[in-house]
>>> print(open('entry31.csv').read())   # CSV, C-alpha atoms
chain,number,residue,atom,x,y,z
A,271,MET,CA,9.6,71.2,226.7
A,272,SER,CA,7.5,74.2,227.7
A,273,SER,CA,3.8,74.8,228.4
A,274,SER,CA,3.8,78.5,227.8
A,275,SER,CA,1.8,80.1,225.0
A,276,SER,CA,3.7,81.5,222.0
A,277,SER,CA,1.2,84.1,221.0
A,278,SER,CA,2.3,87.2,222.7
A,279,SER,CA,2.2,89.3,219.5
A,280,GLN,CA,-1.1,90.9,218.3
A,281,PRO,CA,-3.0,88.2,216.3
A,282,LYS,CA,-4.3,89.0,212.8
A,283,THR,CA,-6.9,87.7,210.5
A,284,LEU,CA,-5.4,84.9,208.5
A,285,ARG,CA,-5.9,83.4,205.0
A,286,ILE,CA,-5.7,79.7,205.8
A,287,GLY,CA,-5.7,77.0,203.1
A,288,ILE,CA,-6.5,73.4,204.2
A,289,ILE,CA,-5.3,70.3,202.3
A,290,GLY,CA,-7.6,67.4,203.2
A,291,PHE,CA,-11.1,68.2,204.6
A,292,GLY,CA,-12.2,65.2,206.6
A,293,PRO,CA,-14.2,65.4,209.8
A,294,PHE,CA,-11.2,66.6,211.9
A,295,ALA,CA,-10.3,69.4,209.5
A,296,GLN,CA,-14.0,70.5,209.3
A,297,PHE,CA,-14.0,70.6,213.1
A,298,LEU,CA,-11.0,72.9,213.2
A,299,ALA,CA,-12.2,75.0,210.3
A,300,LYS,CA,-15.5,75.9,212.0
A,301,THR,CA,-13.6,77.5,215.0
A,302,MET,CA,-11.2,79.3,212.7
A,303,MET,CA,-14.1,80.8,210.8
A,304,LYS,CA,-15.8,81.8,214.0
A,305,GLN,CA,-12.7,83.8,214.8
A,306,GLY,CA,-12.9,85.6,211.5
A,307,HIS,CA,-10.2,83.8,209.5
A,308,PHE,CA,-10.7,83.1,205.8
A,309,ILE,CA,-10.6,79.4,204.9
A,310,ARG,CA,-9.9,77.8,201.5
A,311,VAL,CA,-9.9,74.1,201.0
A,312,THR,CA,-8.7,71.5,198.6
A,313,SER,CA,-9.2,67.7,199.0
A,314,ARG,CA,-9.3,64.5,197.0
A,315,SER,CA,-13.0,64.1,197.8
A,316,ASP,CA,-15.5,66.6,196.6
A,317,TYR,CA,-16.5,68.8,199.5
A,318,SER,CA,-17.8,71.6,197.3
A,319,GLU,CA,-21.4,71.5,198.5
A,320,LEU,CA,-20.4,71.3,202.2
A,321,CYS,CA,-17.9,74.2,201.7
A,322,THR,CA,-20.5,76.3,200.0
A,323,ASN,CA,-22.9,75.7,203.0
A,324,LEU,CA,-20.1,76.7,205.4
A,325,GLY,CA,-19.0,79.8,203.3
A,326,ILE,CA,-15.6,78.3,202.4
A,327,LEU,CA,-14.0,78.4,199.0
A,328,PHE,CA,-13.4,74.8,197.6
A,329,PHE,CA,-10.7,74.1,195.0
A,330,ARG,CA,-10.6,70.9,193.0
A,331,ASP,CA,-7.4,71.9,191.4
A,332,MET,CA,-4.3,72.0,193.7
A,333,GLY,CA,-2.5,74.6,191.5
A,334,ALA,CA,-5.4,77.0,191.7
A,335,PHE,CA,-5.6,76.4,195.5
A,336,LEU,CA,-1.9,77.4,195.9
A,337,GLU,CA,-2.3,80.4,193.7
A,338,SER,CA,-5.2,81.7,195.9
A,339,ASP,CA,-2.5,83.4,198.1
A,340,ASN,CA,-2.8,81.6,201.4
A,341,GLU,CA,-0.6,82.8,204.2
A,342,VAL,CA,-0.9,79.4,206.1
A,343,ILE,CA,-1.4,76.0,204.6
A,344,MET,CA,-2.6,73.4,207.0
A,345,ILE,CA,-2.2,69.8,206.0
A,346,SER,CA,-4.8,67.4,207.4
A,347,THR,CA,-4.5,64.3,205.3
A,348,SER,CA,-4.3,60.7,206.6
A,349,ILE,CA,-1.0,59.6,208.0
A,350,LEU,CA,-0.7,56.9,205.3
A,351,SER,CA,-1.4,59.3,202.4
A,352,LEU,CA,0.8,62.2,203.5
A,353,SER,CA,3.9,61.4,201.4
A,354,ARG,CA,1.8,60.9,198.2
A,355,VAL,CA,-0.1,64.2,198.8
A,356,VAL,CA,3.0,66.3,199.6
A,357,GLU,CA,4.8,64.9,196.6
A,358,SER,CA,1.9,65.9,194.3
A,359,ILE,CA,1.9,69.6,195.5
A,360,PRO,CA,3.0,72.0,192.7
A,361,PHE,CA,5.0,74.2,195.0
A,362,ASN,CA,6.0,76.4,192.1
A,363,CYS,CA,2.4,77.8,192.2
A,364,LEU,CA,2.9,79.4,195.6
A,365,LYS,CA,2.8,83.2,195.5
A,366,ARG,CA,4.7,83.8,198.7
A,367,PRO,CA,6.8,82.2,201.4
A,368,THR,CA,4.1,80.2,203.2
A,369,LEU,CA,3.7,78.8,206.7
A,370,PHE,CA,3.0,75.1,206.4
A,371,VAL,CA,1.3,73.5,209.4
A,372,ASP,CA,0.6,69.8,209.9
A,373,VAL,CA,-2.0,68.4,212.3
A,374,LEU,CA,-1.3,64.7,212.1
A,375,SER,CA,-1.2,62.3,215.0
A,376,VAL,CA,2.5,61.4,214.4
A,377,LYS,CA,5.1,64.1,214.2
A,378,GLU,CA,8.5,62.9,213.0
A,379,HIS,CA,7.1,61.6,209.7
A,380,PRO,CA,5.4,64.8,208.5
A,381,LYS,CA,8.4,66.8,209.7
A,382,ASP,CA,10.8,64.7,207.6
A,383,VAL,CA,8.5,64.6,204.5
A,384,LEU,CA,7.9,68.3,204.5
A,385,LEU,CA,11.5,69.4,205.2
A,386,ARG,CA,12.6,67.1,202.3
A,387,ILE,CA,10.0,68.3,199.7
A,388,MET,CA,8.7,71.8,200.4
A,389,PRO,CA,10.7,74.9,199.4
A,390,GLU,CA,13.4,76.1,201.8
A,391,GLU,CA,11.9,79.5,202.0
A,392,CYS,CA,8.7,78.1,203.5
A,393,ASP,CA,8.3,77.9,207.3
A,394,LEU,CA,7.1,74.7,209.1
A,395,LEU,CA,5.1,74.3,212.3
A,396,CYS,CA,4.4,70.7,213.3
A,397,THR,CA,1.4,70.4,215.6
A,398,HIS,CA,-1.0,67.8,217.2
A,399,PRO,CA,-4.2,69.1,218.7
A,400,MET,CA,-4.8,66.4,221.3
A,401,PHE,CA,-8.5,66.5,220.9
A,402,GLY,CA,-11.2,66.1,218.3
A,403,PRO,CA,-14.8,66.6,217.4
A,404,GLU,CA,-16.0,64.5,220.4
A,405,SER,CA,-13.7,65.7,223.1
A,406,GLY,CA,-13.8,69.3,221.8
A,407,LYS,CA,-17.5,69.6,221.1
A,408,ASP,CA,-18.1,71.8,224.2
A,409,GLY,CA,-15.1,74.0,223.6
A,410,TRP,CA,-11.3,73.6,223.8
A,411,THR,CA,-10.6,75.0,227.3
A,412,ASP,CA,-7.8,73.0,229.0
A,413,LEU,CA,-7.4,70.6,226.0
A,414,THR,CA,-3.7,70.1,225.0
A,415,PHE,CA,-2.3,71.6,221.8
A,416,MET,CA,1.2,70.3,221.1
A,417,TYR,CA,3.5,72.2,218.7
A,418,ASP,CA,7.1,72.2,217.4
A,419,MET,CA,8.4,75.3,215.6
A,420,VAL,CA,10.6,73.3,213.3
A,421,ARG,CA,11.5,76.2,210.9
A,422,ILE,CA,10.0,79.5,211.8
A,423,ARG,CA,11.3,82.9,210.4
A,424,ASP,CA,8.0,84.8,210.3
A,425,GLN,CA,7.4,84.7,214.0
A,426,PRO,CA,4.3,87.0,214.0
A,427,LEU,CA,2.6,84.8,211.4
A,428,CYS,CA,3.3,81.7,213.5
A,429,SER,CA,2.1,83.4,216.7
A,430,SER,CA,-1.1,84.4,215.0
A,431,PHE,CA,-1.8,80.8,214.0
A,432,LEU,CA,-1.0,79.5,217.5
A,433,HIS,CA,-3.3,82.2,218.9
A,434,ILE,CA,-6.2,80.4,217.2
A,435,PHE,CA,-5.8,77.7,219.8
A,436,SER,CA,-4.5,79.6,222.8
A,437,SER,CA,-7.4,82.1,222.6
A,438,GLU,CA,-9.8,79.1,222.9
A,439,GLY,CA,-8.2,78.1,226.2
A,440,CYS,CA,-6.0,75.3,224.9
A,441,LYS,CA,-3.1,74.2,227.1
A,442,MET,CA,-0.2,75.1,224.7
A,443,LEU,CA,2.6,72.5,224.9
A,444,GLU,CA,5.8,73.1,223.0
A,445,MET,CA,7.7,69.8,222.4
A,446,THR,CA,10.0,68.3,219.8
A,447,CYS,CA,8.5,66.0,217.3
A,448,GLU,CA,10.8,63.2,218.5
A,449,GLU,CA,9.6,63.6,222.1
A,450,HIS,CA,6.0,63.7,221.0
A,451,ASP,CA,6.3,60.4,219.1
A,452,ARG,CA,8.1,58.7,222.0
A,453,LEU,CA,5.3,59.7,224.5
A,454,ALA,CA,2.5,59.1,222.0
A,455,ALA,CA,3.7,55.5,221.5
A,456,GLN,CA,3.4,55.0,225.2
A,457,SER,CA,0.0,56.5,225.4
A,458,GLN,CA,-2.0,57.0,222.2
A,459,PHE,CA,-0.7,54.0,220.3
A,460,LEU,CA,-0.9,51.7,223.4
A,461,THR,CA,-4.5,52.8,224.0
A,462,HIS,CA,-5.4,52.1,220.4
A,463,THR,CA,-3.7,48.7,220.5
A,464,ILE,CA,-5.5,47.6,223.7
A,465,GLY,CA,-8.8,48.8,222.2
A,466,ARG,CA,-8.2,46.8,219.0
A,467,ILE,CA,-7.2,43.7,221.0
A,468,LEU,CA,-10.4,44.0,223.1
A,469,SER,CA,-12.4,44.4,219.9
A,470,GLU,CA,-10.8,41.2,218.4
A,471,MET,CA,-11.9,39.5,221.7
A,472,GLU,CA,-15.4,40.8,221.1
A,473,VAL,CA,-15.5,42.2,224.6
A,474,GLU,CA,-19.1,43.5,225.4
A,475,PRO,CA,-20.8,44.8,228.6
A,476,THR,CA,-22.2,42.2,231.0
A,477,PRO,CA,-24.8,42.5,233.8
A,478,ILE,CA,-22.0,42.3,236.5
A,479,ASP,CA,-19.5,44.9,235.1
A,480,THR,CA,-17.1,46.5,237.5
A,481,LYS,CA,-16.1,50.1,237.0
A,482,GLY,CA,-12.7,49.0,235.7
A,483,PHE,CA,-14.3,46.7,233.0
A,484,GLN,CA,-16.7,49.5,232.0
A,485,LYS,CA,-13.6,51.7,231.3
A,486,LEU,CA,-12.1,48.8,229.2
A,487,VAL,CA,-15.3,48.7,227.1
A,488,GLN,CA,-15.0,52.5,226.6
A,489,VAL,CA,-11.4,52.0,225.4
A,490,LYS,CA,-12.6,49.4,222.9
A,491,GLU,CA,-15.5,51.5,221.6
A,492,SER,CA,-13.3,54.6,221.3
A,493,ALA,CA,-10.6,52.7,219.4
A,494,VAL,CA,-12.9,51.2,216.8
A,495,LYS,CA,-14.6,54.5,216.1
A,496,ASP,CA,-11.3,55.5,214.4
A,497,SER,CA,-10.3,53.9,211.1
A,498,PHE,CA,-7.8,51.0,210.9
A,499,ASP,CA,-5.8,53.3,208.5
A,500,LEU,CA,-5.3,55.7,211.5
A,501,PHE,CA,-4.2,52.8,213.7
A,502,SER,CA,-1.9,51.5,211.0
A,503,GLY,CA,-0.4,55.0,210.5
A,504,LEU,CA,0.3,55.3,214.3
A,505,PHE,CA,2.3,52.0,214.0
A,506,ILE,CA,4.0,52.3,210.7
A,507,HIS,CA,5.1,56.0,210.9
A,508,ASN,CA,6.1,56.2,214.6
A,509,ARG,CA,9.4,54.5,215.1
A,510,PHE,CA,8.7,54.1,218.8
A,511,ALA,CA,5.5,52.1,218.3
A,512,ARG,CA,7.2,48.8,217.4
A,513,GLN,CA,9.0,48.8,220.7
A,514,GLN,CA,5.8,49.4,222.5
A,515,MET,CA,4.2,46.4,220.7
A,516,LYS,CA,7.2,44.3,221.7
A,517,ASN,CA,6.9,45.5,225.3
A,518,LEU,CA,3.2,44.6,225.3
A,519,GLU,CA,4.0,41.1,224.0
A,520,VAL,CA,6.7,40.6,226.6
A,521,ALA,CA,4.5,41.8,229.4
A,522,LEU,CA,1.7,39.4,228.4
A,523,GLU,CA,4.2,36.5,228.4
A,524,LYS,CA,5.6,37.5,231.8
A,525,THR,CA,2.2,37.7,233.3
A,526,LYS,CA,1.3,34.2,232.0
A,527,GLU,CA,4.5,32.9,233.3
A,528,LYS,CA,3.8,34.3,236.8
A,529,LEU,CA,0.4,32.7,236.8
A,530,GLN,CA,1.8,29.4,235.7
A,531,GLU,CA,4.4,29.5,238.4
A,532,ARG,CA,1.8,30.3,241.0
A,533,SER,CA,-0.4,27.5,239.7
A,534,LYS,CA,2.5,25.0,240.1
A,535,GLU,CA,3.2,26.3,243.6
A,536,LEU,CA,-0.4,25.6,244.6
A,537,GLN,CA,-0.4,22.3,242.5
A,538,ASP,CA,-3.6,23.2,240.8
A,539,PRO,CA,-4.1,20.8,237.9
A,540,ILE,CA,-6.9,22.8,236.3
A,541,ILE,CA,-4.9,25.8,235.0
A,542,SER,CA,-1.3,24.5,235.2
A,543,LYS,CA,-1.1,24.2,231.4
A,544,PHE,CA,-3.1,27.1,230.2
>>> encode(input="entry31.csv", output="structure tokens")
Amino acid sequence: MSSSSSSSSQPKTLRIGIIGFGPFAQFLAKTMMKQGHFIRVTSRSDYSELCTNLGILFFRDMGAFLESDNEVIMISTSILSLSRVVESIPFNCLKRPTLFVDVLSVKEHPKDVLLRIMPEECDLLCTHPMFGPESGKDGWTDLTFMYDMVRIRDQPLCSSFLHIFSSEGCKMLEMTCEEHDRLAAQSQFLTHTIGRILSEMEVEPTPIDTKGFQKLVQVKESAVKDSFDLFSGLFIHNRFARQQMKNLEVALEKTKEKLQERSKELQDPIISKF
């Protein structure tokens, strides 16, 4: 694991194609365009009007999109739809060996899917920008950008792409996809799970909130802003998430047992059977 930037070579203006143009991809594209990169987009939904307003070429046809001679293709689909989308890509339409970059919140899954399906001559960079439109609205300085150079032969091209993020002040963190998913299950997935549990409990602010409770409400509100599809993807496609769910269940039971034992010690009939 390393926190050094991998963009020592002179960066270049890139032709970047984006597959999937939801809010997160739009957020990234705006900074890429600000830096002077040329953006082309294809997506299942029709973003032609938005792209026209942003000065971006939009392709309804995936084949025409691939034939537009992108140097980099960034995949920004949902976690759950990734396999279907990648399997539908007509790779024979590519005009050159291309750098594929994914920006999904899980890493082993896109790595495995892309290595299995995409042409061997294409490079693969797996990444996870650990921020989004809300946390990155005032700039990307000191925000973490995780990456794994899974299969890189065109190092200058890869470095130029990474420079997009390092030049904005991101904390560049090189890490394997496996290590990312192990740590993400302990942090990101656990946070989403706690938030979803609090939402099911219909937790709301009260007139006597402590600072700690206010933070719990913030966790709940942050979790429910994201789609349940994202939460499902974090669970289904991160092999470490199931163990974290089990750990949470075990911890809850242990905590209840300790309270029950203490209740018996004090011989309190009120909560001895909760």
>>> closest_residue(input="entry31.csv", among="A:Ala334, A:Leu529, A:Val383, A:Ile506", to="Val356 of chain A", atoms="only C-alpha atoms")
A:Val383
>>> atom_distance(input="entry31.csv", atom1="atom CA of Pro367 of chain A", atom2="atom CA of Glu391 of chain A")
5.8 Å
>>> residues_around(input="entry31.csv", residues="segment 419-430 of chain A", least_positions_apart="2", cutoff="10 Å", atoms="all atoms listed in the file", output="number ranges by chain")
A: 275-284, 341-342, 367-371, 381, 385, 390-397, 417, 432-436, 444-447
>>> closest_residue(input="entry31.csv", among="A:Leu298, A:Ala454, A:Ile359, A:Gln488", to="Glu438 of chain A", atoms="all atoms listed in the file")
A:Leu298
>>> atom_distance(input="entry31.csv", atom1="atom CA of Val373 of chain A", atom2="atom CA of Asp418 of chain A")
11.1 Å
